[in-house]
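Okay, so here's the structure we're looking at.
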Amino acid sequence: MSKNWSVKRKVILLALFSTLIPLFIIGPVTFLYLNKVIENKVSITTSNFLSAVDWNINTFVTDIENVSNIIFSSDDIQGYLSYKKVSPRLYILETLSKNLLRNITIVNKPYINAVYIGNGQHEFLKLNKGESNYTGNIYNHIKDASWYKVLKQSDWAGVWVKGNETSLVKGDKSPLMFGRIIRDIGTSEEIGVSIISVDKAVFNNMFKDIKTDGDILIMDNKNIIYFSGSEKKFKTKELANILENTGDQSKVIKKINGTKYSVNFHTNVKTNWKIVSIIPYQNIVKEVNYIRIINVLLLVTSFFISVLSALLISKKITKQLTLLRIVAKKMESREYISGITFDNGDEIGNIGNRFVELYNRNNELTVKLYESQLKEKEAELLALQSHINPHFLYNTLNSIFWMAEKAKVKPIAKMAVSLSKLFQLTLNNGKHITSVKNEIEQVKSYLQIQNIRFDNKIEYLIDVDPSILDEKIIKLLLQPIVENAVQHGLEQQKDQGKIVIKGVKKEGMMVFEVTDNGVGFNSEEIFSKNQGYALKNINERIKLYYGPEFGLSITSKSNIGTKVVLTIGIKSEEYV
């Protein structure tokens with residue numbers, strides 16, 4: 001393969017390989033190693049503080065469970081919930097129960113918002129802060145909550161729930177609560193329920209001394225219990241799928257919402273909550289990125305120095321060959337070659353000068369041939385135009401109109417006017433750009449002519465947004481589609497035909513729909529047999545002028561009808 005390489009290429013490659021190969025080997029290896037070192041360092045640090053948070057959660061959960069145990073085992077509360085009558089004895093038991101809960105204050109238990117104890121007969125709510133969210137019976141609201149079934153199945157133990165539906169304290173949205181069924185200690189019979197509502201600010205205190213570049217959250221299997229950032233940032237279901245089947249402690253690198261994150265998590269054995277740290281991967285490797293940028297700059301600098309040195313050396317060696325390559329490139333792009341002179345001191349110079357002379361002479365002959373052919377085509381077009389002089393057509397149709405008016409033949413007069421208008425809009429003074437309004441008028445003229453032919457067999461409705469009537473489009477887009485609908489859809493049926501034309505502006509483009517109730521057709525079969533030339537031509541014109549994202553689409557069903565949708569770009573008059 002090296003036999004086919006030019007001298008210049010060999011010199012350049014020698015300089016590049018000797019400079020860049022070491023950098024290409026050392027650079028990636030260094031980046032990968034540094035990435036792993038920093039990833040492991042961040043992972044170890046994160047695991048340590050997650051373990052510390054886990055210990056704090058255990059302490060907090062144990063404290064709440066101890067309060068629940070005090071409530072559960074209290075003889076006064078057992079008696080209060082078991083007492084069925086309304087008597088002074090009930091009042092005494094309620095007072096004793098409230099006295100028990102007075103020790104649970106905002107001073108020694110600042111993270112407890114409220115404690116509820118009750119059943120279907122009687123209940124009370126001890127508030128540490130805020131106002132009660134309920135004025136009537138609270139127990140019925142608790143029974144109707146979706147998490148109450150989980151509470152009922154908890155047997156003697158309690159459960160942690162996120163009470164989105166049942167908040168004891170006004171203004172406390174989606175509170176964290178520890179619920180427990182209170183049972184008679186002697187008979188195990190269910191006698192009531194206790195709910196301890198917790199202020200989630202307790203987690204803020206746990207994390208206040210922790211410095212991290214990411215977010216920290218606590219979640220159970222279904223809900224995010226606490227989030228240091230915005231809960232809308234991550235979806236609970238997506239996070240649950242990531243953490244599923246990963247064991248009690250783990251670390252994964254995952255993309256969430258298109259961004260790469262390092263996800264470290266620890267499972268609290270007591271509650272089965274997952275304590276999760278989510279750090280943008282970019283924040284972890286930002287120090288590596290600085291080193292990467294420096295290395296890339298060195299690589300680019302070395303590359304340019306190598307290229308410059310190679311070019312200077314090769315220029316001395318291959319000056320004549322370089323000139324020949326430039327000549328070949330200009331010949332490839334069919335440019336006229338001037339200002340290039342070879343040194344006649346060697347064979348390559350003699351061949352190059354002769355080559356340029358012959359090429360320029362051949363170019364001049366080719367240009368003369370093209371000019372001759374263009375003049376011939378222009379003559380043919382002028383001759384053809386003289387045969388279809390628009391003034392002659394307008395004058396002739398005007399004469400037909402007045403003759404029909406004089407003979408009182410209204411259909412002929414109306415057809416002559418419509419045909420004259422159709423010719424005028426089609427020719428459009430030789431311009432290929434028209435307005436939406438003119439296109440609609442052209443369609444109306446065509447349909448008026450066809451209705452005269454078919455004795456008003458065609459009913460049509462045109463509904464175009466007035467705001468797009470002055471927009472510019474290429475001409476002859478709608479009329480050929482309507483003509484196609486008449487010829488292939490409505491002419492072949494005996495009943496009344498209908499065509500509906502709609503036009504709207506949507507998302508920076510214009511959308512036109514042409515719908516008919518004709519016999520329909522198989523669009524794939526039509527195009528495969530090259531019978532849909534007009535539609536294919538319109539589609540290609542739209543794509544060429546407006547871009548490949550615009551064009552034409554067809555939906556057709558036999559004996560039901562056809563729908564053609566045109567999507568057209570909007571261009572300013574200056575661009576048009």
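All residue names refer to the structure tokens as shown: chains lettered A, B, ... in order, residues numbered from 1 in each chain, ligands numbered from 1 in order.
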
Point to revise | DSSP alpha helix (DSSP H) residues within region 441-556 of chain A, listed as a ChimeraX atom specification | key: /A:441-453,478-485,523-528,533-546

With N, CA and C atoms kept, could you save the residues just selected as a CSV table (one decimal), in the first residue's frame?
```
chain,number,residue,atom,x,y,z
A,441,GLU,N,-58.4,31.0,-5.7
A,441,GLU,CA,-59.2,31.5,-6.8
A,441,GLU,C,-59.1,30.6,-8.1
A,442,GLN,N,-57.9,30.1,-8.3
A,442,GLN,CA,-57.6,29.2,-9.4
A,442,GLN,C,-58.5,27.9,-9.3
A,443,VAL,N,-58.5,27.4,-8.0
A,443,VAL,CA,-59.3,26.2,-7.8
A,443,VAL,C,-60.8,26.5,-8.0
A,444,LYS,N,-61.2,27.6,-7.5
A,444,LYS,CA,-62.7,28.0,-7.7
A,444,LYS,C,-63.0,28.1,-9.2
A,445,SER,N,-62.2,28.7,-10.0
A,445,SER,CA,-62.4,28.8,-11.4
A,445,SER,C,-62.5,27.4,-12.0
A,446,TYR,N,-61.6,26.6,-11.6
A,446,TYR,CA,-61.6,25.2,-12.2
A,446,TYR,C,-62.9,24.5,-11.9
A,447,LEU,N,-63.3,24.5,-10.6
A,447,LEU,CA,-64.5,23.8,-10.1
A,447,LEU,C,-65.7,24.4,-10.8
A,448,GLN,N,-65.8,25.7,-11.0
A,448,GLN,CA,-66.9,26.3,-11.7
A,448,GLN,C,-67.0,25.8,-13.1
A,449,ILE,N,-65.9,25.6,-13.8
A,449,ILE,CA,-65.9,25.0,-15.2
A,449,ILE,C,-66.4,23.6,-15.1
A,450,GLN,N,-65.9,22.8,-14.2
A,450,GLN,CA,-66.3,21.4,-14.1
A,450,GLN,C,-67.8,21.3,-13.7
A,451,ASN,N,-68.3,22.2,-12.9
A,451,ASN,CA,-69.7,22.1,-12.5
A,451,ASN,C,-70.6,22.4,-13.7
A,452,ILE,N,-70.1,23.3,-14.6
A,452,ILE,CA,-70.9,23.6,-15.9
A,452,ILE,C,-70.9,22.3,-16.7
A,453,ARG,N,-69.8,21.6,-16.8
A,453,ARG,CA,-69.7,20.4,-17.6
A,453,ARG,C,-70.6,19.3,-17.0
A,478,LEU,N,-52.5,23.3,-5.5
A,478,LEU,CA,-53.8,22.8,-5.1
A,478,LEU,C,-54.6,22.4,-6.3
A,479,GLN,N,-54.6,23.2,-7.4
A,479,GLN,CA,-55.5,22.9,-8.6
A,479,GLN,C,-55.2,21.5,-9.2
A,480,PRO,N,-53.9,21.0,-9.3
A,480,PRO,CA,-53.8,19.7,-9.9
A,480,PRO,C,-54.3,18.6,-8.9
A,481,ILE,N,-54.3,18.8,-7.6
A,481,ILE,CA,-54.8,17.9,-6.7
A,481,ILE,C,-56.3,17.8,-6.8
A,482,VAL,N,-57.0,19.0,-6.9
A,482,VAL,CA,-58.4,19.0,-7.1
A,482,VAL,C,-58.8,18.4,-8.4
A,483,GLU,N,-58.0,18.7,-9.5
A,483,GLU,CA,-58.3,18.1,-10.8
A,483,GLU,C,-58.2,16.5,-10.7
A,484,ASN,N,-57.2,16.1,-10.0
A,484,ASN,CA,-57.0,14.6,-9.8
A,484,ASN,C,-58.2,14.0,-9.0
A,485,ALA,N,-58.8,14.8,-8.0
A,485,ALA,CA,-59.9,14.3,-7.3
A,485,ALA,C,-61.1,14.2,-8.2
A,523,SER,N,-53.1,3.9,-3.3
A,523,SER,CA,-52.1,4.9,-3.7
A,523,SER,C,-50.8,4.1,-4.0
A,524,GLU,N,-50.4,3.0,-3.3
A,524,GLU,CA,-49.2,2.3,-3.6
A,524,GLU,C,-49.2,1.7,-5.0
A,525,GLU,N,-50.4,1.2,-5.4
A,525,GLU,CA,-50.5,0.6,-6.7
A,525,GLU,C,-50.4,1.6,-7.8
A,526,ILE,N,-51.0,2.8,-7.6
A,526,ILE,CA,-51.0,3.9,-8.6
A,526,ILE,C,-49.5,4.3,-8.8
A,527,PHE,N,-48.8,4.6,-7.7
A,527,PHE,CA,-47.4,5.1,-7.8
A,527,PHE,C,-46.5,4.0,-8.4
A,528,SER,N,-46.7,2.7,-8.1
A,528,SER,CA,-45.9,1.7,-8.6
A,528,SER,C,-46.0,1.5,-10.1
A,533,TYR,N,-48.2,10.6,-11.6
A,533,TYR,CA,-47.2,11.5,-12.0
A,533,TYR,C,-47.4,12.9,-11.4
A,534,ALA,N,-48.7,13.4,-11.5
A,534,ALA,CA,-49.0,14.8,-11.1
A,534,ALA,C,-48.7,14.9,-9.6
A,535,LEU,N,-49.2,13.9,-8.8
A,535,LEU,CA,-49.0,14.0,-7.3
A,535,LEU,C,-47.5,13.9,-7.0
A,536,LYS,N,-46.8,12.9,-7.7
A,536,LYS,CA,-45.3,12.8,-7.4
A,536,LYS,C,-44.6,14.1,-7.8
A,537,ASN,N,-45.0,14.7,-8.9
A,537,ASN,CA,-44.4,16.0,-9.3
A,537,ASN,C,-44.6,17.1,-8.3
A,538,ILE,N,-45.8,17.2,-7.7
A,538,ILE,CA,-46.1,18.2,-6.7
A,538,ILE,C,-45.2,17.9,-5.4
A,539,ASN,N,-45.2,16.7,-5.0
A,539,ASN,CA,-44.4,16.3,-3.8
A,539,ASN,C,-42.9,16.6,-4.0
A,540,GLU,N,-42.3,16.3,-5.2
A,540,GLU,CA,-40.9,16.6,-5.5
A,540,GLU,C,-40.7,18.2,-5.5
A,541,ARG,N,-41.6,18.9,-6.1
A,541,ARG,CA,-41.5,20.4,-6.2
A,541,ARG,C,-41.4,21.0,-4.8
A,542,ILE,N,-42.3,20.5,-3.9
A,542,ILE,CA,-42.4,21.0,-2.5
A,542,ILE,C,-41.1,20.7,-1.8
A,543,LYS,N,-40.6,19.5,-1.9
A,543,LYS,CA,-39.4,19.1,-1.2
A,543,LYS,C,-38.2,19.9,-1.7
A,544,LEU,N,-38.1,20.1,-3.0
A,544,LEU,CA,-37.0,20.8,-3.6
A,544,LEU,C,-37.0,22.3,-3.2
A,545,TYR,N,-38.2,22.9,-3.1
A,545,TYR,CA,-38.2,24.3,-2.8
A,545,TYR,C,-38.2,24.6,-1.3
A,546,TYR,N,-38.9,23.8,-0.5
A,546,TYR,CA,-39.1,24.1,0.9
A,546,TYR,C,-38.2,23.3,1.8
```

Practice item. Check the smallest atom-to-atom distance from each of A:Phe304, A:Ser197, A:Asp155, A:Lys286 to Ile38 (chain A) using only C-alpha atoms, then report the winner. Key: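 Smallest distance to Ile38 (chain A) is found for A:Lys286.
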
Practice item. Select, from A:Tyr83, A:Tyr261, A:Tyr359, A:Trp147, the residue with the minimum atom-to-atom distance to Val276 (chain A), counting only C-alpha atoms. Key: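 Residue with the minimum atom-to-atom distance to Val276 (chain A): A:Tyr261.
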
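If you look at CA of Thr59 (chain A) and CA of Tyr111 (chain A), they are 12.7 Å away from each other.
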
Check your understanding: Of the residues A:Lys506, A:Lys270, A:Lys571, A:Arg183, which is the one nearest to Asn69 (chain A), using only C-alpha atoms?
Key ->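 Residue with the minimum atom-to-atom distance to Asn69 (chain A): A:Arg183.
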
Point to revise | Residue neighbourhood Asp54 (chain A), 9 Å, only C-alpha atoms, exclusion window fewer than 6 positions, as a PyMOL selection string | key: chain A and resi 266-269+275

Residues from the last selection, N, CA and C atoms, saved as a compact mmCIF listing (two decimals), in the first residue's frame:
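The resulting file, again_18.txt, is shown below:
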```txt
# COMPACT_ATOMS: atom_id res chain seq x y z
N HIS A 266 -27.95 3.24 50.02
CA HIS A 266 -27.80 2.37 51.18
C HIS A 266 -29.20 2.06 51.69
N THR A 267 -29.47 0.79 52.01
CA THR A 267 -30.80 0.39 52.47
C THR A 267 -30.83 0.32 53.99
N ASN A 268 -31.75 1.06 54.58
CA ASN A 268 -31.93 1.03 56.03
C ASN A 268 -32.68 -0.25 56.41
N VAL A 269 -32.05 -1.09 57.20
CA VAL A 269 -32.62 -2.41 57.53
C VAL A 269 -33.89 -2.26 58.34
N ILE A 275 -31.60 5.14 51.15
CA ILE A 275 -30.98 6.47 51.24
C ILE A 275 -30.10 6.61 50.01
```

Review point. Nearest to Phe550 (chain A) among A:Val29, A:Val511, A:Ile117, A:Val519, with distances taken over only C-alpha atoms: which residue is it?
Key: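 The closest residue to Phe550 (chain A) is A:Val511.
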
Exercise for review: Could you please write out, as a PyMOL selection string, every residue of region 30-252 of chain A that DSSP assigns to strand (DSSP E or B)?
Suggested key: chain A and resi 112-118+123-127+132+159-162+169+176-183+190-198+215-219+224-227+249-252

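The smallest atom-to-atom distance between Ser167 (chain A) and any of A:Lys149, A:His141, A:His432, A:Lys85, using only C-alpha atoms, is found for A:His141.
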
Review point. When distances are computed from only C-alpha atoms, which of A:Leu90, A:Val150, A:Ile560, A:Leu101 shows the smallest separation from Val67 (chain A)?
Key: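 Once distances to Val67 (chain A) are computed over only C-alpha atoms, the minimum belongs to A:Leu101.
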
Review point. Within 10 Å of Lys251 (chain A), counting only C-alpha atoms, which residues qualify if same-chain residues fewer than 5 places away don't, as a list in words?
Key: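 Non-adjacent residues within range: Ser43, Thr46, Ser47, Leu243, Thr246, Ser262, Val263, Asn264, Phe265, His266, Val276 and Ser277 of chain A.
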
Exercise for review: Pick out the residues sitting within 8 Å of Gly489 (chain A), and hand them over as an MDAnalysis selection string; count only C-alpha atoms, and ignore anything fewer than 2 positions along from it in its own chain.
Suggested key: chainID A and resid 484:487 491:493 516:520 561:562

Restrict the selected residues to C-alpha atoms and save them as a CSV table (one decimal), in the first residue's frame.
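The new file part25.csv reads:
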```
chain,number,residue,atom,x,y,z
A,484,ASN,CA,-57.0,14.6,-9.8
A,485,ALA,CA,-59.9,14.3,-7.3
A,486,VAL,CA,-62.5,15.2,-10.0
A,487,GLN,CA,-61.0,12.9,-12.7
A,491,GLU,CA,-66.3,11.5,-12.4
A,492,GLN,CA,-66.5,7.7,-11.9
A,493,GLN,CA,-69.4,7.8,-9.5
A,516,ASP,CA,-63.2,14.0,-1.6
A,517,ASN,CA,-65.9,11.4,-1.3
A,518,GLY,CA,-65.0,9.7,-4.6
A,519,VAL,CA,-64.4,6.1,-5.4
A,520,GLY,CA,-60.9,6.1,-3.8
A,561,GLY,CA,-62.8,8.7,-0.6
A,562,THR,CA,-59.4,10.3,-0.7
```
